[in-house]
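Structure, as C-alpha cells:
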Amino acid sequence: MISKSYLCLLNRHSFTFLRATAARTGSHPWTVPRYCATGQRNMATLPEVVSTLKKMAPLSLAESWDNVGLLVEPDVRKSVSRVFLTNDLTEDVLEEAVSVDADLIVSYHPPVFAPFKRITSDAWKSRIVSRCLGRGIAIYSPHTSWDAVENGLTDWLISCFDGVVSTIQPLSINPEFSHVVTLSASRSDNTPLGGKEIITIVESSEFFAGVHFKIISHNDSQLQLLCNSSSLVTLDKVAKSSKCNLFFHANKNESLPSCSTGSGRRCQFKHGLTISAAVEKIKRHLGVDNLMIALARGSTLESTICSAAAVAGSGASVLRGCDACLYLTGEMSHHDVLDAVHNGVTVVLANHSNTERSYLNVFAHRLLAEMPQLNVHVSKVDRDPLVFV
C-alpha cells in the first residue's frame with residue numbers, strides 16, 4: 001500500500017524525494033509500469049472515477065481550444081476496476097490496454113480532437129474509438145488541465161531544478177457559470193415577491209428545461225443565482241412570458257487570475273548552474289539519453305545560468321519573452337529558437353511527449369491515493385514517435 005504521507009511529498013518543491021529514493025534503491029522513479037493497492041478490490045463506477053479525475057485537475061483550467069474530459073463513454077460497461085494511463089493513445093497502445101483488460105484509458109493527449117464525420121476502419125483514430133466502444137473501454141483526456149493545475153505536469157517538469165518557482169502566465173479560471181444574475185419580481189399591485197416565489201415562477205415556466213443554474217441566495221425580495229450564457233437568454237424568455245413583473249440584472253462571473261495555476265513555470269535557482277549541469281539534470285529527470293540544445297549567443301556549455309522556464313509539449317508561445325536563462329520544452333520552431341538564442345536564452349528541446357510522459361507515473365500514485373480500490377497501469381509501449389539516431 002502506498003501511504004498518503006509518502007504521496008503528500010509529491011508537490012512542486014519536493015519531487016526530488018522520489019529521485020533520492022531511486023538513488024538509494026538503484027531504480028528509476030519514473031519507470032514503474034503498474035500500480036495497485038493491496039487488500040480487497042472493489043470496482044468504482046465510471047462517473048465516480050471521472051469525478052475524481054476532475055477534482056484532481058479541474059477541466060475549467062484547460063485551454064479554451066482544448067478537448068478535455070470524458071471523450072468516449074461506452075454503454076456496455078459502467079464499472080471501472082483497471083485504469084490505463086498513456087501519453088498518446090495509438091493502436092499499439094490500445095493493444096496493450098486491451099491485454100490488461102482496461103476499463104478506462106486516461107490519455108493525456110486527446111485522441112478525439114477534430115470532429116469525426118464517420119467512425120469506420122478507414123482511419124486509425126476512428127478504429128480506436130470503434131474498438132473502445134465495442135469492448136466497453138472509456139476514454140478520458142485531461143491534457144492542458146494537467147499542465148495548468150498546481151502540482152501538476154508543468155510543476156513536475158520544472159522540479160528538476162532547485163529554486164523558487166512561479167507561474168509564467170497566471171490562469172484566469174474559466175468558471176462553469178458565466179454570469180451572476182439577480183432576479184426580482186412583483187405582483188400586479190407592486191408588492192414584491194420573495195426569493196422562493198421567484199424560484200417557483202422560473203421552475204414552472206415552459207422554458208425551464210433550458211435553464212441550467214445554481215442558486216447562491218434568496219431573501220424576501222430577490223433571488224440570486226449563477227447561470228451560463230445560454231441560460232441567460234432563456235431567463236429573458238421566462239421574464240417576458242411571466243404573468244408577474246419579473247426582471248433581472250446580470251453581471252459577468254469572472255475569477256481573478258490564480259498565481260499557482262496557468263501555463264508554464266519559471267524557476268529562479270538557489271545556486272547557479274553551468275548549462276552542462278542543467279542539461280544533465282534534465283536528462284535524468286525525463287529519463288532520456290539525448291536532448292537538442294541551442295546555446296545562447298556568446299555562451300558555452302560551461303557558462304553559468306541562474307534561471308529556467310519550462311512548458312510541456314510545444315512551448316514557444318508561452319515561453320516567448322519570458323525572463324529566463326534557459327527554456328525547456330518539447331519542440332519549438334526554427335525561428336523561435338533563433339529569436340531565443342539571440343536574446344541570450346539557451347533552448348533545450350526533448351521532443352514533444354518526452355516532456356510529458358514520465359509524469360504519468362507520478363499521477364498513478366496520486367490516483368491510487370484518491371481511489372485505492374483501482375488497479376492502475378502505465379503504458380510500456382507509449383513513446384515519442386521521433387527518436388534520436
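Letters A, B, ... mark the chains of the C-alpha cells in the order given; residue numbers begin at 1 per chain; ligand numbers begin at 1, in order shown.
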
> segment 127-144 of chain A: which residues within 9 Å, counting only C-alpha atoms, same-chain residues fewer than 4 positions away excluded, as a PyMOL selection string?
Replying inline: chain A and resi 46+50+53-54+57-59+61-63+66-78+89-91+94+98+101-112+119-123+148-149+263

> Can you tell me, as a ChimeraX atom specification, what residues are no more than 12 Å from Phe213 of chain A when counting only C-alpha atoms, ignoring any on the same chain fewer than 4 positions away?
Replying inline: /A:176-181,199,202-203,208-209,223-232,234-235

> Counting only C-alpha atoms, what is within 10 Å of Thr329 of chain A, bar same-chain residues fewer than 2 positions away, as number ranges by chain?
Replying inline: A: 157, 264, 309-316, 319, 326-327, 331-332, 347-356

>> List the spatial neighbours of Asp382 of chain A as an MDAnalysis selection string - criterion: any atom at most 8 Å away, only C-alpha atoms, same-chain residues fewer than 4 positions off excluded.
In response: chainID A and resid 86:90 92:93

> Residues of segment 67-206 of chain A in strand (DSSP E) according to DSSP, as a PyMOL selection string?
Replying inline: chain A and resi 69-72+79-80+82-86+104-107+138-141+163-171+179-186

>> Residues within 9 Å of Ala340 of chain A, please, as a PyMOL selection string. Count only C-alpha atoms; anything in the same chain fewer than 2 positions from it doesn't count.
In response: chain A and resi 294+296+320-321+327+335-338+342-347

> Restricting the calculation to only C-alpha atoms, which member of A:Lys237, A:Lys380, A:Lys196, A:Arg357 is positioned closest to Ser217 of chain A?
Replying inline: A:Lys196

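Each of A:Ala324, A:Val80, A:Val378, A:Ile216 was checked against Pro47 of chain A using only C-alpha atoms; the smallest atom-to-atom distance is that of A:Val80.
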
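Nearest residue to Val376 of chain A, choosing from A:Ala44, A:Val100, A:Ile293, A:Val83 and counting only C-alpha atoms: A:Val83.
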
As a short mmCIF file (atom, residue, chain, number, x, y, z; two decimals) with N, CA and C atoms, in the first residue's frame, please: every residue in segment 154-253 of chain A that a backbone DSSP assignment puts in helix (DSSP H, G or I).
data_model
loop_
_atom_site.label_atom_id
_atom_site.label_comp_id
_atom_site.auth_asym_id
_atom_site.auth_seq_id
_atom_site.Cartn_x
_atom_site.Cartn_y
_atom_site.Cartn_z
N THR A 154 3.35 20.49 -15.29
CA THR A 154 4.37 21.52 -15.51
C THR A 154 5.20 21.75 -14.25
N ASP A 155 4.57 21.64 -13.08
CA ASP A 155 5.35 21.74 -11.84
C ASP A 155 6.32 20.56 -11.72
N TRP A 156 5.85 19.38 -12.17
CA TRP A 156 6.77 18.22 -12.18
C TRP A 156 7.93 18.49 -13.13
N LEU A 157 7.66 19.04 -14.30
CA LEU A 157 8.70 19.28 -15.30
C LEU A 157 9.78 20.21 -14.78
N ILE A 158 9.39 21.30 -14.12
CA ILE A 158 10.37 22.27 -13.64
C ILE A 158 11.08 21.80 -12.37
N GLY A 195 -37.86 35.42 -2.69
CA GLY A 195 -36.97 34.59 -3.49
C GLY A 195 -37.54 33.21 -3.78
N LYS A 196 -38.17 32.57 -2.80
CA LYS A 196 -38.74 31.24 -3.01
C LYS A 196 -39.86 31.28 -4.03
N GLU A 197 -40.65 32.37 -4.01
CA GLU A 197 -41.73 32.51 -5.00
C GLU A 197 -41.16 32.70 -6.41
N ILE A 198 -40.04 33.39 -6.50
CA ILE A 198 -39.40 33.59 -7.81
C ILE A 198 -38.88 32.25 -8.35
N ILE A 199 -38.32 31.43 -7.47
CA ILE A 199 -37.86 30.09 -7.88
C ILE A 199 -39.02 29.31 -8.49
N THR A 200 -40.18 29.38 -7.84
CA THR A 200 -41.36 28.67 -8.34
C THR A 200 -41.77 29.16 -9.72
N ILE A 201 -41.69 30.47 -9.93
CA ILE A 201 -42.04 31.04 -11.23
C ILE A 201 -41.10 30.52 -12.31
N VAL A 202 -39.80 30.52 -12.02
CA VAL A 202 -38.82 30.06 -13.00
C VAL A 202 -39.02 28.59 -13.31
N GLU A 203 -39.19 27.78 -12.26
CA GLU A 203 -39.30 26.34 -12.46
C GLU A 203 -40.61 25.92 -13.11
N SER A 204 -41.62 26.73 -13.02
CA SER A 204 -42.91 26.39 -13.62
C SER A 204 -43.03 26.89 -15.06
N PHE A 208 -38.28 26.23 -18.66
CA PHE A 208 -37.41 25.83 -17.56
C PHE A 208 -36.42 24.74 -17.96
N ALA A 209 -36.79 23.85 -18.87
CA ALA A 209 -35.91 22.74 -19.27
C ALA A 209 -34.58 23.25 -19.83
N GLY A 210 -34.57 24.48 -20.34
CA GLY A 210 -33.35 25.03 -20.91
C GLY A 210 -32.53 25.86 -19.95
N SER A 229 -24.31 31.41 -20.40
CA SER A 229 -24.85 32.39 -21.36
C SER A 229 -26.15 31.94 -22.00
N SER A 230 -26.25 30.66 -22.35
CA SER A 230 -27.47 30.18 -23.00
C SER A 230 -28.65 30.25 -22.04
N SER A 231 -28.40 29.95 -20.75
CA SER A 231 -29.47 30.03 -19.76
C SER A 231 -29.88 31.47 -19.50
N LEU A 232 -28.94 32.40 -19.71
CA LEU A 232 -29.26 33.82 -19.54
C LEU A 232 -30.32 34.23 -20.58
N VAL A 233 -30.16 33.75 -21.79
CA VAL A 233 -31.14 34.03 -22.85
C VAL A 233 -32.50 33.41 -22.48
N THR A 234 -32.45 32.19 -21.94
CA THR A 234 -33.69 31.52 -21.56
C THR A 234 -34.39 32.24 -20.42
N LEU A 235 -33.62 32.76 -19.47
CA LEU A 235 -34.20 33.51 -18.36
C LEU A 235 -34.91 34.76 -18.87
N ASP A 236 -34.35 35.35 -19.91
CA ASP A 236 -35.01 36.52 -20.51
C ASP A 236 -36.37 36.13 -21.07
N LYS A 237 -36.47 34.95 -21.68
CA LYS A 237 -37.75 34.46 -22.18
C LYS A 237 -38.72 34.20 -21.03
N VAL A 238 -38.19 33.64 -19.92
CA VAL A 238 -39.03 33.39 -18.74
C VAL A 238 -39.60 34.71 -18.23
N ALA A 239 -38.73 35.74 -18.15
CA ALA A 239 -39.17 37.04 -17.63
C ALA A 239 -40.25 37.65 -18.52
N LYS A 240 -40.05 37.56 -19.83
CA LYS A 240 -41.00 38.18 -20.76
C LYS A 240 -42.34 37.43 -20.80
N SER A 241 -42.31 36.13 -20.52
CA SER A 241 -43.54 35.34 -20.58
C SER A 241 -44.27 35.28 -19.24
#

> How many Å lie between atom CA of Ala364 of chain A and atom CA of Val49 of chain A, rounded to one decimal?
Replying inline: 13.1 Å

> Which residue, A:Lys252, A:Leu286, A:Val362, A:Thr274, has the smallest gap to Leu301 of chain A when you use only C-alpha atoms?
Replying inline: A:Thr274
